[in-house]
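Below: one structure, written as structure tokens.
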Amino acid sequence: MAYTEQKEWDEHYAGGKGFRQLGENEQKLLAEHVPANAEHGRALDLGCGTGDLATHLASMGYTVDAVDWSESALTRARSDRASGVRWLCLDIEQGDLQPLQDDRYDLITLRLMYAFLGDRTRVLHELSRRLREGGAIVVITPLAANTPAERRDIALDEDEISLLTAGWGQVQRFDADGLAMVILRSPRQGQAEVAEKDRPTAHAVTGACAVVTDGSGRVLLGRSTSNMWELPGGRTESSEPFEQAAVRELAEEAGLIADPVDAHVLTMLWDDNHGVSRLTAVVRLTAFSGTLTCREPASFVRWEWHPLHTLAHLDRIFAPSAHALDAVWPGIIPGLPTVAAYPHAIDHPRVDGEPAEAVRLRQEMTDAVISCGWAPSKQVREALRTVQRHRFTPESPLTTAYDDNLAVVTRRDEDGQATSSVSAPWLQADMIESLHLEPGMTVCEVGSGGYNAELLAHMVGPAGRVVSVDIDPYVERRTRRFTSEAGSGRVSALIGDGGLGAPGRVPEGGFDSCIITHNCWDIAPAWREQLAEGRYLVLPLEIHGYTRAIAFQKHGAVLHARKFTFCGFVRDLGTGSRITPVAELRGGELQLRFEDGEPADVSGIEDALRGTRHELPTGVTVAGNESFETLQLYLATTLPGFCRLGLDRDKDTAVAAVPRGDGAATVLGNGSLAYLTHVLVNDASTSKERRSEFIAHAYGPDGTLLAEELAAAVRFWDLHVRGHGYPQLAVYPAGTDVREMSEGLVLDKQHSRLVFDWDAEKL
């Protein structure tokens, strides 16, 4: 009686039928091991039926959400049971659980229903994320050992219970009148183990793995009798093509039917197992039909669809399957041993499929970006609503992928520093708006990842193109794969030093726009030279270590700034990268960072720091929620001897009020220094009313003069710059004669000369 259709359940309950009533022993075990917490006491009862357990949990003191996908069951529950329970009709496997919102529960129960779940592993993983710390999941199930054979599919055997309990820090099991009550606490997000089988026989060294996803974008894996997860697949037969082998194995093992024309060999993997070389074809299937069935019970226990972001946390994955998954979605299972891979130069058709939750979250993300004013144009709004961001961050949960204020890191170096990411949606929208794109244009993107490129591709339409360049082969491979899986077909991903632009791909007249998605200390000449006249270059430019996404418009050899946005990006890995000169003070406790220009003479500074500290209030205050980003650039570009004073994050200092990290605005001179901090002077109840004052601190013989100079600059900013925006900025090629440049303060870099004009009438 293992129902599989919602209609069957509705008919069951509408006919007055039910299930085994909650027993006295079950009630005692629940009271003893999961009593209601007086402070929280929230419970979620899944597969609640007519509400027997949900009502009992309410009587224990829990506030209960009771979920079933049968409306007829809930109709009976609402009419027969006391109030105090919220009854919800939801499909916990395929539906969007938005009605639960972000609720966290102390207790989640699955009574007499776990065996009916198709994707048990995925559901349990998603439920674990809804537990409060210290919360428990309780599964109450019949056991196969004492269940008639004809009803075996309503029960769990010992192997299935072992799989159920895998990945939990605390597991308890009790007998409840013949039912097993399993209590799970402390979910562990461990790293997947790559597993092998016994030494293969000679005829099993060549084979194919079939990678297939369902309508929600979940990948099919089988739990084998070797207690590991595997893709459909196996050895080839005779001279059988790899595509045909993958299609055949999918049908024989899982009952799904595919046409070889929809099978695409992506790469060949060559590795070694117990001294036997093994060649595996990774075959991506873009379409299938049929009903998922476990056709080979001697080899597989069950088949399940798994969200991509959960793959890294499965217990054991067969090695060829793990490498095949990584070939389709690079980085999806971190820490894999190296194998030789031979990619095929093939772009298969786009593979659609996403859960309803992703659709909803994408609309909510877009609404949030629009409400903050970052996407005023219809075209950018449509791009945000259309391009599936989660397909380019498959290792992340949907809620992370669609957080409107979050950049998702996709690659780190050996020190844990981010080297590639998918930027926050609001920032991507803002930078794309600044490009002023139109259909049919060709865009150069430096710094790949896929999602931003596909936003650009959506903007330029079917007649447009996007050329995306990255220096990291791994990032380029991810971009190629993800744009093949979920893209428009209008993005070309290239390996190269982005500082050289995209030589050989520049259209006649130049790129219509260029966007750089990593921090830039300087503006590479190629970006200006490969840009069409009158068009836009947007990049995150570092100015004395302060990063702003600046939109430049090209007029001849000069770039004119049109817009500034406060931001931060990953560092440049190419030839344009720069190591910042640093002078350490007090044994490394403090650091002076010279982000632009030549390092200043710091002799005498050590002695100055041992002397008296001078403090000068500026009288200028800011609210708790107020940005003073223009003050940073004003001080950096107008004060001689500017640098930044920072405190080592792991050390304490006797020097007053030095912020940790990249540090405070600082000026040096004559063995002295002064630096700027801000201190709370009015701790009001709201950010708008809360006020902090800028304070200049100084050391050394000329410390008081430097402090007065610093304070005077802050006061000038307050009177003449504050609230008026950023300066006029023009960028000229290095070597340009000052007589050919506009008036202003000049900051020289290797390839360019930046001229800042802070004239209040021009701001």
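We label chains A, B, ... in the order they appear in the structure tokens, count residues from 1 in each chain, and number ligands from 1 in the order shown.
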
Please, which residues of region 337-379 of chain A, numbered as in this document, come out helix (DSSP H, G or I) from DSSP, as a CSV table (one decimal) with N, CA and C atoms, in the first residue's frame?
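Written output follows (result.csv):
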chain,number,residue,atom,x,y,z
A,356,ALA,N,10.8,25.3,-7.6
A,356,ALA,CA,9.9,26.4,-7.4
A,356,ALA,C,10.5,27.4,-6.4
A,357,GLU,N,11.2,26.9,-5.4
A,357,GLU,CA,11.8,27.8,-4.4
A,357,GLU,C,12.8,28.8,-5.1
A,358,ALA,N,13.6,28.3,-6.1
A,358,ALA,CA,14.5,29.1,-6.8
A,358,ALA,C,13.8,30.2,-7.5
A,359,VAL,N,12.7,29.9,-8.2
A,359,VAL,CA,12.0,31.0,-8.9
A,359,VAL,C,11.5,32.0,-7.9
A,360,ARG,N,11.0,31.6,-6.8
A,360,ARG,CA,10.5,32.6,-5.8
A,360,ARG,C,11.6,33.5,-5.3
A,361,LEU,N,12.7,32.8,-4.9
A,361,LEU,CA,13.8,33.5,-4.3
A,361,LEU,C,14.4,34.5,-5.3
A,362,ARG,N,14.5,34.2,-6.6
A,362,ARG,CA,15.0,35.1,-7.6
A,362,ARG,C,14.2,36.3,-7.7
A,363,GLN,N,12.8,36.1,-7.7
A,363,GLN,CA,12.0,37.3,-7.7
A,363,GLN,C,12.1,38.2,-6.5
A,364,GLU,N,12.3,37.6,-5.3
A,364,GLU,CA,12.4,38.3,-4.1
A,364,GLU,C,13.8,39.1,-4.1
A,365,MET,N,14.8,38.4,-4.6
A,365,MET,CA,16.1,39.1,-4.7
A,365,MET,C,16.0,40.3,-5.6
A,366,THR,N,15.4,40.1,-6.8
A,366,THR,CA,15.2,41.2,-7.7
A,366,THR,C,14.4,42.4,-7.1
A,367,ASP,N,13.4,42.0,-6.4
A,367,ASP,CA,12.5,43.1,-5.8
A,367,ASP,C,13.4,43.9,-4.7
A,368,ALA,N,14.2,43.1,-4.0
A,368,ALA,CA,15.1,43.8,-3.0
A,368,ALA,C,16.1,44.7,-3.7
A,369,VAL,N,16.7,44.3,-4.8
A,369,VAL,CA,17.6,45.1,-5.5
A,369,VAL,C,16.9,46.4,-6.1
A,370,ILE,N,15.7,46.2,-6.6
A,370,ILE,CA,15.0,47.3,-7.2
A,370,ILE,C,14.6,48.3,-6.1
A,371,SER,N,14.2,47.8,-5.0
A,371,SER,CA,13.7,48.7,-3.9
A,371,SER,C,14.8,49.6,-3.3
A,378,LYS,N,14.4,48.8,-17.0
A,378,LYS,CA,13.6,47.6,-17.2
A,378,LYS,C,14.5,46.4,-17.7
A,379,GLN,N,15.5,46.7,-18.5
A,379,GLN,CA,16.3,45.7,-19.0
A,379,GLN,C,17.1,44.9,-17.9

Write down as a PyMOL selection string the residues belonging to region 268-353 of chain A that are assigned strand (DSSP E) by DSSP computed on the backbone. chain A and resi 268-273+276-285+300-306+316-318+340-343

Find the residues around region 299-315 of chain A up to 6 Å (only C-alpha atoms counted), leave out those fewer than 5 positions away in its own chain, and share them as a ChimeraX atom specification. /A:119,122,189-193,218-225,294,333,394-397

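Minimum distance to Gly499 (chain A) across A:Leu573, A:Val205, A:Leu30, A:Leu456 (counting only C-alpha atoms) occurs at A:Leu573.
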
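Proximity of A:Ala532, A:Leu747, A:Met228, A:Leu100 to Ile317 (chain A), computed with only C-alpha atoms, is greatest for A:Met228.
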
Identify which of the residues A:Val731, A:Phe564, A:Val387, A:Pro540 lies closest to Glu354 (chain A), counting only C-alpha atoms when measuring atom-to-atom distances. A:Val387

So that I can check the surroundings of Leu705 (chain A), please list as a ChimeraX atom specification every protein, DNA and RNA residue that reaches within 10 Å of it, counting only C-alpha atoms and ignoring chain neighbours fewer than 6 positions away. /A:669,672-674,698,711
